[in-house]
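The next block is entry-v8.txt, given as compact mmCIF, C-alpha atoms.
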# COMPACT_ATOMS: atom_id res chain seq x y z
CA MET A 1 44.99 -22.47 35.60
CA SER A 2 47.53 -24.56 37.50
CA ALA A 3 47.72 -26.31 40.87
CA ASP A 4 49.62 -23.33 42.32
CA ASP A 5 46.46 -21.20 42.34
CA SER A 6 44.65 -20.65 45.59
CA PRO A 7 42.05 -23.29 46.39
CA ASP A 8 39.31 -20.64 46.12
CA CYS A 9 39.92 -20.18 42.42
CA LYS A 10 37.83 -22.66 40.55
CA GLU A 11 37.66 -23.61 36.94
CA PRO A 12 35.18 -21.45 35.08
CA VAL A 13 31.91 -23.26 34.64
CA ALA A 14 29.41 -22.46 31.93
CA MET A 15 26.36 -20.68 33.30
CA GLN A 16 23.19 -22.74 33.29
CA LEU A 17 20.73 -20.58 31.36
CA PRO A 18 17.08 -21.63 31.43
CA GLU A 19 16.02 -23.49 28.32
CA PRO A 20 14.27 -21.09 25.94
CA GLY A 21 10.64 -22.21 25.78
CA PRO A 22 8.73 -22.62 22.54
CA PRO A 23 8.07 -19.25 20.85
CA VAL A 24 4.77 -17.70 21.81
CA VAL A 25 3.00 -18.20 18.51
CA PRO A 26 -0.69 -17.36 18.39
CA ALA A 27 -2.51 -20.48 17.30
CA PRO A 28 -3.68 -20.37 13.68
CA THR A 29 -7.39 -19.82 13.34
CA SER A 30 -9.60 -20.09 10.32
CA PRO A 31 -10.39 -16.76 8.67
CA PRO A 32 -13.66 -15.21 9.80
CA SER A 33 -16.44 -15.09 7.28
CA LEU A 34 -17.01 -11.78 5.54
CA SER A 35 -20.77 -12.24 5.32
CA TYR A 36 -22.96 -10.00 7.44
CA ASN A 37 -26.63 -10.25 8.23
CA PRO A 38 -28.00 -7.17 9.92
CA PRO A 39 -30.05 -7.69 13.08
CA GLU A 40 -33.70 -6.70 13.27
CA SER A 41 -34.16 -2.98 12.74
CA SER A 42 -35.48 -2.49 16.25
CA ASP A 43 -32.51 -4.32 17.75
CA LEU A 44 -30.14 -2.33 15.59
CA GLU A 45 -31.72 0.96 16.65
CA ALA A 46 -31.54 -0.02 20.30
CA LEU A 47 -27.89 -0.99 20.02
CA LEU A 48 -26.94 2.16 18.11
CA SER A 49 -28.75 4.48 20.45
CA SER A 50 -27.15 2.91 23.52
CA VAL A 51 -23.67 2.94 22.01
CA LEU A 52 -23.95 6.55 20.87
CA ARG A 53 -25.38 7.66 24.15
CA ASP A 54 -22.53 5.99 26.05
CA ALA A 55 -19.87 7.50 23.85
CA TYR A 56 -21.28 11.04 23.76
CA ARG A 57 -22.75 11.10 27.21
CA THR A 58 -21.05 14.27 28.35
CA GLN A 59 -21.96 16.29 25.30
CA THR A 60 -25.34 17.95 25.05
CA GLY A 61 -26.27 16.43 21.74
CA PRO A 62 -29.51 16.38 19.82
CA ALA A 63 -32.36 14.39 21.24
CA ASP A 64 -32.42 11.94 18.37
CA TRP A 65 -29.29 9.76 18.17
CA ARG A 66 -29.55 9.78 14.40
CA CYS A 67 -28.51 13.41 14.25
CA GLN A 68 -25.62 12.92 16.65
CA ASP A 69 -22.37 14.07 15.11
CA ILE A 70 -19.74 11.33 15.46
CA THR A 71 -16.72 13.11 14.00
CA SER A 72 -15.17 14.16 17.32
CA GLU A 73 -12.68 11.97 19.15
CA PRO A 74 -12.49 9.95 21.39
CA GLY A 75 -16.18 9.11 21.07
CA ARG A 76 -15.79 8.28 17.39
CA THR A 77 -13.24 5.53 17.98
CA GLN A 78 -15.29 4.15 20.82
CA VAL A 79 -18.48 4.02 18.74
CA LEU A 80 -16.89 2.40 15.71
CA THR A 81 -14.87 -0.19 17.64
CA ARG A 82 -17.82 -1.18 19.79
CA LEU A 83 -20.08 -1.61 16.79
CA ALA A 84 -17.40 -3.60 14.96
CA ARG A 85 -17.07 -5.90 17.95
CA ASP A 86 -20.77 -6.31 18.62
CA LEU A 87 -22.04 -6.67 15.07
CA GLY A 88 -19.06 -8.50 13.59
CA ARG A 89 -18.53 -6.07 10.71
CA THR A 90 -16.01 -3.24 10.50
CA VAL A 91 -16.53 -0.05 8.56
CA PRO A 92 -13.88 -0.31 5.79
CA GLY A 93 -11.29 2.44 5.48
CA SER A 94 -12.73 3.83 2.25
CA GLN A 95 -16.05 4.60 3.95
CA LEU A 96 -14.81 5.78 7.33
CA HIS A 97 -14.81 9.44 6.35
CA GLU A 98 -18.46 9.15 5.27
CA MET A 99 -19.58 8.13 8.78
CA ARG A 100 -20.40 11.58 10.08
CA ARG A 101 -23.70 11.14 11.88
CA GLY A 102 -25.67 8.40 13.57
CA GLU A 103 -27.87 7.88 10.52
CA ASP A 104 -24.81 7.15 8.34
CA VAL A 105 -23.79 4.37 10.71
CA GLU A 106 -27.32 3.03 10.80
CA ARG A 107 -27.50 2.93 7.02
CA PHE A 108 -24.15 1.14 6.80
CA TYR A 109 -25.06 -1.54 9.31
CA SER A 110 -28.46 -2.27 7.81
CA ILE A 111 -27.02 -3.45 4.49
CA PRO A 112 -26.38 -7.23 4.38
CA VAL A 113 -23.20 -8.61 2.84
CA ARG A 114 -22.85 -11.96 1.12
CA ASP A 115 -19.47 -13.53 0.53
CA LYS A 116 -20.65 -16.51 -1.53
CA ASN A 117 -21.65 -16.35 -5.13
CA ARG A 118 -24.91 -17.94 -6.32
CA LEU A 119 -23.25 -21.22 -7.29
CA GLU A 120 -21.74 -21.73 -3.86
CA GLU A 121 -25.01 -20.82 -2.18
CA MET A 122 -26.80 -23.39 -4.27
CA ALA A 123 -24.22 -26.04 -3.41
CA VAL A 124 -24.89 -25.58 0.28
CA LYS A 125 -28.67 -25.66 -0.05
CA GLU A 126 -30.80 -28.75 -0.40
CA LEU A 127 -31.33 -29.30 -4.10
CA PRO A 128 -34.03 -31.32 -5.87
CA ALA A 129 -32.92 -34.76 -6.99
CA ASN A 130 -32.72 -33.82 -10.66
CA ILE A 131 -30.25 -30.92 -10.17
CA LYS A 132 -26.57 -31.66 -9.84
CA ILE A 133 -23.71 -29.18 -9.81
CA ASN A 134 -20.76 -30.15 -11.96
CA TRP A 135 -17.62 -28.59 -10.50
CA ASP A 136 -15.23 -29.98 -13.13
CA TYR A 137 -15.67 -27.57 -15.94
CA GLU A 138 -13.15 -26.50 -18.53
CA MET B 1 10.71 -8.13 -10.52
CA ALA B 2 10.34 -11.56 -8.99
CA LEU B 3 6.59 -11.95 -9.46
CA GLY B 4 4.96 -12.52 -12.82
CA MET B 5 3.13 -9.41 -13.79
CA GLN B 6 -0.01 -10.85 -15.29
CA GLY B 7 -1.03 -12.63 -12.15
CA MET B 8 -0.51 -9.67 -9.93
CA TRP B 9 -2.21 -6.86 -11.81
CA ARG B 10 -5.68 -5.99 -10.62
CA THR B 11 -7.99 -3.98 -12.80
CA ILE B 12 -8.98 -0.80 -11.18
CA THR B 13 -12.75 -1.06 -11.12
CA SER B 14 -15.31 1.45 -10.04
CA LEU B 15 -13.98 4.14 -7.83
CA GLY B 16 -17.23 5.74 -6.82
CA LYS B 17 -16.69 5.17 -3.13
CA GLY B 18 -16.74 8.68 -1.86
CA LEU B 19 -13.84 10.27 -3.71
CA SER B 20 -14.27 13.98 -4.07
CA PHE B 21 -13.39 15.08 -7.55
CA GLY B 22 -12.60 18.57 -8.62
CA ARG B 23 -9.82 21.06 -8.33
CA ARG B 24 -8.19 21.73 -5.03
CA LEU B 25 -7.22 25.10 -3.76
CA PRO B 26 -3.68 25.44 -2.48
CA SER B 27 -3.33 24.48 1.15
CA SER B 28 -3.86 27.43 3.40
CA GLN B 29 -0.77 27.36 5.55
CA ALA B 30 0.11 30.48 7.49
CA SER B 31 3.69 30.40 6.33
CA TYR B 32 5.76 28.07 4.24
CA SER B 33 8.24 27.61 7.06
CA SER B 34 5.61 25.70 8.99
CA LEU B 35 5.98 22.88 6.47
CA TRP B 36 9.71 22.62 6.66
CA GLN B 37 10.95 21.19 9.88
CA GLY B 38 14.60 21.81 9.34
CA GLY B 39 17.35 19.40 8.42
CA ASN B 40 17.91 17.97 5.01
CA LEU B 41 16.19 14.62 4.42
CA GLU B 42 15.65 14.10 8.11
CA MET B 43 13.56 11.02 8.77
CA PRO B 44 11.40 10.65 11.86
CA ARG B 45 12.64 8.22 14.46
CA PRO B 46 10.94 4.84 14.60
CA ILE B 47 8.01 4.45 16.94
CA VAL B 48 8.89 2.87 20.31
CA LEU B 49 6.94 -0.14 21.51
CA LEU B 50 5.02 0.77 24.67
CA ASP B 51 3.42 -1.54 27.16
CA LYS B 52 0.95 0.67 28.96
CA ARG B 53 -2.46 1.08 27.46
CA GLU B 54 -2.72 4.75 28.44
CA GLU B 55 0.60 5.63 26.88
CA ILE B 56 -0.38 3.85 23.71
CA GLU B 57 -3.68 5.69 23.55
CA SER B 58 -2.16 9.10 24.13
CA LEU B 59 0.50 8.40 21.53
CA LEU B 60 -2.14 7.28 19.07
CA LEU B 61 -4.18 10.41 19.67
CA ARG B 62 -1.10 12.47 18.96
CA LEU B 63 -0.05 10.49 15.89
CA GLY B 64 -3.57 10.02 14.60
CA THR B 65 -3.77 13.56 13.27
CA CYS B 66 -2.04 14.90 10.18
CA GLU B 67 1.02 17.06 10.74
CA VAL B 68 0.34 19.18 7.68
CA PRO B 69 -2.79 21.29 8.15
CA ILE B 70 -5.82 20.57 5.98
CA SER B 71 -7.55 23.54 4.41
CA LYS B 72 -11.29 23.79 4.83
CA PRO B 73 -13.72 22.52 3.59
CA PHE B 74 -11.81 19.30 3.03
CA VAL B 75 -11.99 16.66 5.73
CA PRO B 76 -9.35 14.04 6.30
CA ARG B 77 -9.76 10.52 5.08
CA GLN B 78 -9.45 7.89 7.77
CA ALA B 79 -8.12 4.40 8.22
CA TRP B 80 -7.98 1.86 11.01
CA LEU B 81 -4.76 1.44 12.93
CA GLU B 82 -3.96 -2.27 13.14
CA SER B 83 -1.18 -4.41 14.51
CA MET B 84 0.60 -7.54 13.37
CA ARG B 85 1.28 -8.90 16.84
CA ASP B 86 -1.90 -10.91 17.03
CA TYR B 87 -4.63 -12.04 14.70
CA ASP B 88 -7.36 -9.90 16.25
CA GLU B 89 -5.58 -6.60 16.88
CA GLN B 90 -7.46 -4.75 14.15
CA HIS B 91 -8.97 -1.75 15.87
CA LEU B 92 -6.25 -0.01 17.82
CA GLY B 93 -7.53 3.39 16.73
CA LEU B 94 -8.31 5.69 13.85
CA VAL B 95 -5.70 7.49 11.78
CA ASP B 96 -6.33 10.69 9.84
CA LEU B 97 -5.02 10.71 6.28
CA HIS B 98 -4.43 13.96 4.44
CA PRO B 99 -6.99 14.33 1.61
CA ASP B 100 -4.44 15.89 -0.75
CA VAL B 101 -2.47 12.64 -0.61
CA PHE B 102 -5.12 9.98 0.02
CA GLY B 103 -8.12 11.68 -1.59
CA VAL B 104 -6.95 13.07 -4.92
CA PRO B 105 -8.94 12.50 -8.12
CA PRO B 106 -8.16 9.06 -9.54
CA ARG B 107 -6.03 9.95 -12.55
CA LEU B 108 -5.54 6.63 -14.31
CA ASP B 109 -3.68 8.34 -17.12
CA ILE B 110 -1.10 9.59 -14.64
CA LEU B 111 -0.74 6.06 -13.28
CA HIS B 112 -0.17 4.76 -16.79
CA GLN B 113 2.42 7.44 -17.50
CA VAL B 114 4.33 6.74 -14.32
CA VAL B 115 4.27 2.95 -14.71
CA ALA B 116 5.38 3.20 -18.34
CA TRP B 117 8.17 5.54 -17.28
CA GLN B 118 9.29 3.19 -14.51
CA ARG B 119 9.45 0.30 -16.96
CA ASN B 120 11.22 2.18 -19.71
CA TYR B 121 13.65 4.67 -18.22
CA LYS B 122 16.01 1.95 -17.05
CA ARG B 123 15.77 0.04 -20.29
CA ILE B 124 18.82 -0.32 -22.47
CA SER B 125 18.20 -2.43 -25.54
CA HIS B 126 21.35 -4.25 -26.66
CA ALA B 127 19.92 -5.44 -29.97
CA HIS B 128 22.50 -4.72 -32.66
CA THR B 129 22.88 -5.85 -36.28
CA LYS B 130 25.65 -5.38 -38.77
CA THR B 131 25.19 -3.31 -41.89
CA ARG B 132 26.55 -4.29 -45.25
CA ALA B 133 29.69 -2.32 -44.45
CA GLU B 134 30.33 -4.22 -41.21
CA VAL B 135 29.71 -7.77 -42.38
CA ARG B 136 32.97 -9.52 -43.10
CA GLY B 137 33.82 -9.64 -46.79
CA GLY B 138 31.90 -8.22 -49.70
CA GLY B 139 34.53 -5.88 -51.11
CA ARG B 140 34.77 -7.42 -54.54
CA LYS B 141 32.20 -7.26 -57.29
CA PRO B 142 31.03 -10.91 -57.60
CA ARG B 143 30.57 -10.89 -61.41
CA PRO B 144 30.96 -8.46 -64.27
CA GLN B 145 28.33 -5.82 -64.80
CA LYS B 146 27.29 -7.07 -68.22
CA GLY B 147 27.44 -10.22 -70.22
CA THR B 148 26.56 -12.96 -67.69
CA GLY B 149 22.82 -12.80 -68.18
CA ARG B 150 22.32 -12.59 -64.42
CA SER B 151 21.38 -9.64 -62.24
CA ARG B 152 23.98 -7.05 -61.56
CA GLN B 153 25.46 -7.24 -58.06
CA GLY B 154 28.09 -5.13 -56.41
CA SER B 155 28.81 -7.04 -53.23
CA ILE B 156 27.97 -10.38 -51.67
CA ARG B 157 27.02 -8.65 -48.43
CA SER B 158 24.30 -6.37 -49.73
CA PRO B 159 21.00 -6.65 -47.83
CA ILE B 160 19.26 -8.61 -50.56
CA TRP B 161 21.85 -11.39 -50.31
CA ARG B 162 21.65 -14.27 -47.89
CA GLY B 163 24.31 -13.63 -45.22
CA GLY B 164 24.35 -9.97 -46.08
CA GLY B 165 23.98 -7.02 -43.79
CA VAL B 166 20.69 -5.76 -42.39
CA ALA B 167 19.47 -2.58 -44.03
CA HIS B 168 17.45 -0.86 -41.28
CA GLY B 169 18.03 -3.08 -38.28
CA PRO B 170 18.54 -2.14 -34.66
CA ARG B 171 21.71 -0.23 -34.02
CA GLY B 172 22.07 -0.77 -30.31
CA PRO B 173 22.78 -0.33 -27.55
CA LYS B 174 19.87 2.07 -27.35
CA SER B 175 18.68 3.85 -24.26
CA TYR B 176 15.03 4.60 -23.55
CA TYR B 177 15.84 6.98 -20.76
CA TYR B 178 13.58 9.95 -20.16
CA MET B 179 12.39 11.74 -17.05
CA LEU B 180 8.81 12.58 -16.29
CA PRO B 181 8.35 15.92 -14.57
CA MET B 182 8.80 15.63 -10.82
CA LYS B 183 5.27 16.79 -10.09
CA ILE B 184 3.81 14.11 -12.35
CA ARG B 185 5.74 11.44 -10.48
CA VAL B 186 4.60 12.88 -7.17
CA LEU B 187 1.00 12.96 -8.39
CA GLY B 188 1.37 9.34 -9.48
CA LEU B 189 2.27 8.33 -5.94
CA LYS B 190 -0.67 10.28 -4.56
CA VAL B 191 -3.08 8.71 -7.06
CA ALA B 192 -1.81 5.22 -6.29
CA LEU B 193 -2.19 5.77 -2.53
CA THR B 194 -5.67 7.19 -3.07
CA ILE B 195 -6.79 4.24 -5.15
CA LYS B 196 -5.39 1.72 -2.68
CA HIS B 197 -7.29 3.44 0.11
CA ALA B 198 -10.49 3.75 -1.92
CA GLN B 199 -10.48 0.08 -2.83
CA ASP B 200 -9.88 -1.02 0.79
CA ASP B 201 -6.42 -2.33 -0.05
CA LEU B 202 -4.57 0.00 2.31
CA HIS B 203 -3.85 -0.98 5.91
CA ILE B 204 -1.95 0.99 8.51
CA ILE B 205 -0.03 -0.72 11.28
CA ASP B 206 1.69 0.78 14.28
CA SER B 207 4.95 -1.08 13.74
CA VAL B 208 6.41 -4.05 11.93
CA ASP B 209 6.71 -6.24 15.02
CA LEU B 210 5.86 -9.90 14.76
CA PRO B 211 5.60 -12.33 17.66
CA THR B 212 7.57 -14.95 15.75
CA ALA B 213 9.84 -15.30 12.75
CA ASP B 214 7.81 -18.15 11.28
CA PRO B 215 6.73 -17.57 7.67
CA GLN B 216 3.71 -19.79 8.30
CA TYR B 217 2.45 -17.31 10.89
CA MET B 218 2.75 -14.59 8.28
CA MET B 219 0.71 -16.58 5.74
CA ASP B 220 -1.95 -17.49 8.30
CA PHE B 221 -2.13 -13.91 9.43
CA VAL B 222 -2.56 -12.55 5.92
CA ARG B 223 -5.28 -15.09 5.19
CA TYR B 224 -7.06 -14.38 8.48
CA ARG B 225 -7.15 -10.65 7.88
CA HIS B 226 -8.28 -11.12 4.27
CA TRP B 227 -5.38 -8.99 3.06
CA GLY B 228 -5.35 -10.55 -0.39
CA ASP B 229 -2.96 -12.65 -2.45
CA SER B 230 0.06 -10.39 -2.16
CA VAL B 231 1.08 -7.80 0.40
CA LEU B 232 3.60 -4.98 0.26
CA ILE B 233 4.79 -3.89 3.70
CA VAL B 234 6.48 -0.51 3.95
CA ASP B 235 8.42 0.50 7.04
CA ILE B 236 10.11 3.84 7.67
CA ASN B 237 13.68 2.59 8.04
CA ASP B 238 15.65 0.06 6.10
CA GLN B 239 16.78 -1.56 9.38
CA MET B 240 13.86 -3.73 10.41
CA PRO B 241 13.19 -6.14 13.26
CA GLU B 242 14.61 -9.59 12.76
CA ASN B 243 11.28 -11.40 12.92
CA ILE B 244 9.65 -9.68 9.97
CA VAL B 245 12.78 -9.97 7.85
CA LYS B 246 13.11 -13.69 8.46
CA ALA B 247 9.39 -14.32 8.06
CA THR B 248 9.15 -12.58 4.70
CA GLU B 249 12.52 -13.58 3.24
CA THR B 250 11.37 -16.86 1.77
CA LEU B 251 7.87 -15.70 0.85
CA ASN B 252 7.56 -14.33 -2.66
CA THR B 253 4.07 -12.90 -2.28
CA ILE B 254 4.97 -10.63 0.63
CA GLY B 255 7.35 -7.76 -0.03
CA LEU B 256 9.16 -5.61 2.51
CA ILE B 257 10.60 -2.24 1.54
CA PRO B 258 11.68 0.97 3.27
CA ALA B 259 9.65 4.13 2.80
CA VAL B 260 12.12 5.71 0.37
CA ALA B 261 11.64 2.75 -2.00
CA ILE B 262 7.89 3.15 -2.41
CA ASN B 263 6.86 3.43 -6.06
CA VAL B 264 3.73 3.18 -8.19
CA TYR B 265 4.74 -0.03 -9.97
CA SER B 266 5.18 -1.95 -6.71
CA MET B 267 1.97 -0.53 -5.28
CA LEU B 268 0.01 -1.83 -8.27
CA LYS B 269 1.84 -5.13 -8.42
CA TYR B 270 0.98 -6.18 -4.89
CA GLN B 271 -2.71 -6.41 -4.04
CA THR B 272 -2.50 -4.97 -0.55
CA LEU B 273 -0.41 -2.10 0.73
CA VAL B 274 0.51 -2.02 4.40
CA LEU B 275 2.14 1.12 5.76
CA THR B 276 3.44 1.82 9.22
CA LEU B 277 2.23 4.99 10.86
CA PRO B 278 5.59 6.84 10.66
CA THR B 279 5.69 5.95 6.98
CA VAL B 280 2.31 7.59 6.43
CA ARG B 281 3.49 10.83 8.04
CA PHE B 282 6.75 10.72 6.12
CA LEU B 283 4.94 10.28 2.81
CA GLU B 284 2.46 13.04 3.58
CA LYS B 285 5.26 15.45 4.43
CA LYS B 286 7.29 14.64 1.34
CA LEU B 287 4.43 14.59 -1.14
CA LEU B 288 2.60 17.66 0.12
CA TRP B 289 5.67 19.86 -0.05
CA HIS B 290 5.50 19.78 -3.83
CA ASP B 291 2.11 21.47 -3.84
CA THR B 292 3.52 24.70 -2.52
CA ARG B 293 7.16 24.78 -3.50
CA PHE B 294 8.86 27.27 -5.74
CA ALA B 295 10.76 26.31 -8.86
CA PRO B 296 14.30 25.28 -7.97
CA LEU B 297 17.10 27.79 -8.22
CA TYR B 298 19.51 24.89 -8.71
CA PRO B 299 18.65 21.21 -9.21
CA TYR B 300 17.02 19.48 -6.28
CA HIS B 301 19.51 16.63 -6.27
CA MET B 302 22.06 19.10 -4.94
CA PRO B 303 21.91 19.86 -1.19
CA TYR B 304 19.30 22.22 0.17
CA ARG B 305 19.00 23.19 3.76
CA ASP B 306 15.23 23.47 4.07
CA ILE B 307 13.59 20.68 2.14
CA PRO B 308 11.70 17.91 4.00
Re-express the file's structure as structure tokens.
Amino acid sequence: MSADDSPDCKEPVAMQLPEPGPPVVPAPTSPPSLSYNPPESSDLEALLSSVLRDAYRTQTGPADWRCQDITSEPGRTQVLTRLARDLGRTVPGSQLHEMRRGEDVERFYSIPVRDKNRLEEMAVKELPANIKINWDYE
Amino acid sequence: MALGMQGMWRTITSLGKGLSFGRRLPSSQASYSSLWQGGNLEMPRPIVLLDKREEIESLLLRLGTCEVPISKPFVPRQAWLESMRDYDEQHLGLVDLHPDVFGVPPRLDILHQVVAWQRNYKRISHAHTKTRAEVRGGGRKPRPQKGTGRSRQGSIRSPIWRGGGVAHGPRGPKSYYYMLPMKIRVLGLKVALTIKHAQDDLHIIDSVDLPTADPQYMMDFVRYRHWGDSVLIVDINDQMPENIVKATETLNTIGLIPAVAINVYSMLKYQTLVLTLPTVRFLEKKLLWHDTRFAPLYPYHMPYRDIP
């Protein structure tokens, strides 16, 4: 405070905190498409059988993976998350309770999903020269 | 309400996605005390953010099941547990949802009743007109009864006169207050939750943590996850992390409410409903109690010791 203080006492100095870096914001990405084209039936069967066998390896289940009961945890979560990751389509919440056996999952993943209506599909395709789509309609 | 209603209503289309219709038997609990966990209006503590994967998984396994037992042969509905911390954290686990809350028959008439009640019970109409007695003047007979050749009139403020009183006009202020039975209101909440789940408009998150307070992140996130045009986020407490509050403050299509403020009108107004996991358990506990309660000995708004 004054010159009478001992020479060891210094003026308080503001602490040098490190500069806060930019906030860790995940980079924006474009929304994934909701369309789904199922793989070939043989590929789908192979994938499903391997996933179900991995998840329910310890249990003595039925020989056919289609009859495997997938309501018990933690195999259920493992099966559904792996299929969602591999096939790019998640079972929606309203249909989760219907997935009880392997055949239910197979039926779900063999149905294709389109997210474009017919007009948009036509716009993307190659059209004959005498067809034009007029987007400005009232 | 801040949003215009016409733009935000969605017609409830086909509901044939695996709803089980029919009457439900009362839940088969061993004793009623198993439902009541003691303490009046005690709310569960908020979920703690954990770093370790194993701890998260064990916690999810514990929280993934319903606290209230489900009577056979009904099976629980399920939903994915998601997170708002990153764009791709969509499959953290599976959450069981009690079928007597998230799988009731879709009673659209109950929804209509509850929404109409919510709109009307707070309404006070202040429309008021003066009668011929209240309009200033008009005490004297304007002309003699006979002899003038004109119609006979008693007062210049009678309703047939210009500037006269109104005969059968509104006599406000008028209240439109009425109360629907408690069980109808409870059933309305259950039906709304069921329909949101059946139409894939219900999402469950572990907590309301955001990596940043930027509203743009919130908009990008909602668009990435295909959550719809408007989102209602419900947390268990009214004290929420700073990031989510700042991110949603300036956005008028994303609403943020505590669990005690959930209502059918808001659930229908916003396209998507996002609940945290403690909120789901809180709602199940509160709504399921009404299925097995006795009639009150004294009104429920007075303190009870053993109500959830």
Exercise for the section: Return as a ChimeraX atom specification the residues belonging to chain B that are within 10 Å of chain A, counting all atoms listed in the file. Expected result: /B:17-19,61,75-81,85-87,90-97,103,194-204,210-214,216-217,219-226
Practice task
Excluding His128 in chain B and any residue of its chain fewer than 5 positions from it, enumerate the residues within 7 Å of it, using all atoms listed in the file, and give them as a VMD selection string.
Solution key: chain B and resid 170 to 173
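Neighbourhood of point (-24.5, 0.8, 23.0): residues with an atom at most 12 Å away, counting all atoms listed in the file, are Asp43, Leu44, Glu45, Ala46, Leu47, Leu48, Ser49, Ser50, Val51, Leu52, Arg53, Asp54, Ala55, Tyr56, Arg57, Trp65, Gly75, Gln78, Val79, Leu80, Thr81, Arg82, Leu83, Ala84, Arg85, Asp86 and Leu87 of chain A.
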Problem - Between CA of Ile110 in chain B and CA of Arg293 in chain B, distance in Å (one decimal) - result: 20.6 Å
Handout entry: Between CA of Asn237 in chain B and CA of Gly255 in chain B - distance in Å to one decimal
Key = 14.6 Å
Exercise for the section: Determine, counting only C-alpha atoms, which protein, DNA and RNA residues have an atom within 10 Å of an atom of Phe108 in chain A; residues of the same chain fewer than 2 positions away are not included. Present the result as a PyMOL selection string. Expected result: chain A and resi 38+89-91+95+98-99+103-106+110-112
Exercise for the section: Using all atoms listed in the file, give me every residue within 7 Å of (12.6, -4.0, 7.7) in file coordinates, as JSON, numbers by chain. Expected result: {"B": [235, 237, 238, 239, 240, 241, 244, 245, 256, 257, 258]}
Range 207-223 of chain B, all listed atoms, 8 Å padding on each side: what axis-aligned box centre and edge lengths in Å to one decimal come out, as lines of an AutoDock Vina configuration file?
center_x = 2.3
center_y = -10.4
center_z = 11.4
size_x = 31.1
size_y = 34.7
size_z = 28.5
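Going from CA of Val191 in chain B to CA of Lys286 in chain B covers 14.6 Å.
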Do you know which residues are at most 12 Å from Met179 in chain B counting all atoms listed in the file, after dropping those on the same chain fewer than 5 positions away, and could you put them as an mmCIF file with C-alpha atoms, in the coordinates of the input?
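After the write, around.cif holds the following:
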data_model
loop_
_atom_site.group_PDB
_atom_site.id
_atom_site.type_symbol
_atom_site.label_atom_id
_atom_site.label_comp_id
_atom_site.auth_asym_id
_atom_site.auth_seq_id
_atom_site.Cartn_x
_atom_site.Cartn_y
_atom_site.Cartn_z
ATOM 1 C CA GLN B 113 2.420 7.440 -17.500
ATOM 2 C CA VAL B 114 4.330 6.740 -14.320
ATOM 3 C CA ALA B 116 5.380 3.200 -18.340
ATOM 4 C CA TRP B 117 8.170 5.540 -17.280
ATOM 5 C CA GLN B 118 9.290 3.190 -14.510
ATOM 6 C CA ARG B 119 9.450 0.300 -16.960
ATOM 7 C CA ASN B 120 11.220 2.180 -19.710
ATOM 8 C CA TYR B 121 13.650 4.670 -18.220
ATOM 9 C CA LYS B 122 16.010 1.950 -17.050
ATOM 10 C CA ILE B 184 3.810 14.110 -12.350
ATOM 11 C CA ARG B 185 5.740 11.440 -10.480
#
Practice task
Have a look at B:Ala295, B:Leu273, B:Ala259, B:Ile70 and name the one nearest to Lys183 in chain B; count all atoms listed in the file.
Solution key: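 Closest to Lys183 in chain B, using all atoms listed in the file: B:Ala295.
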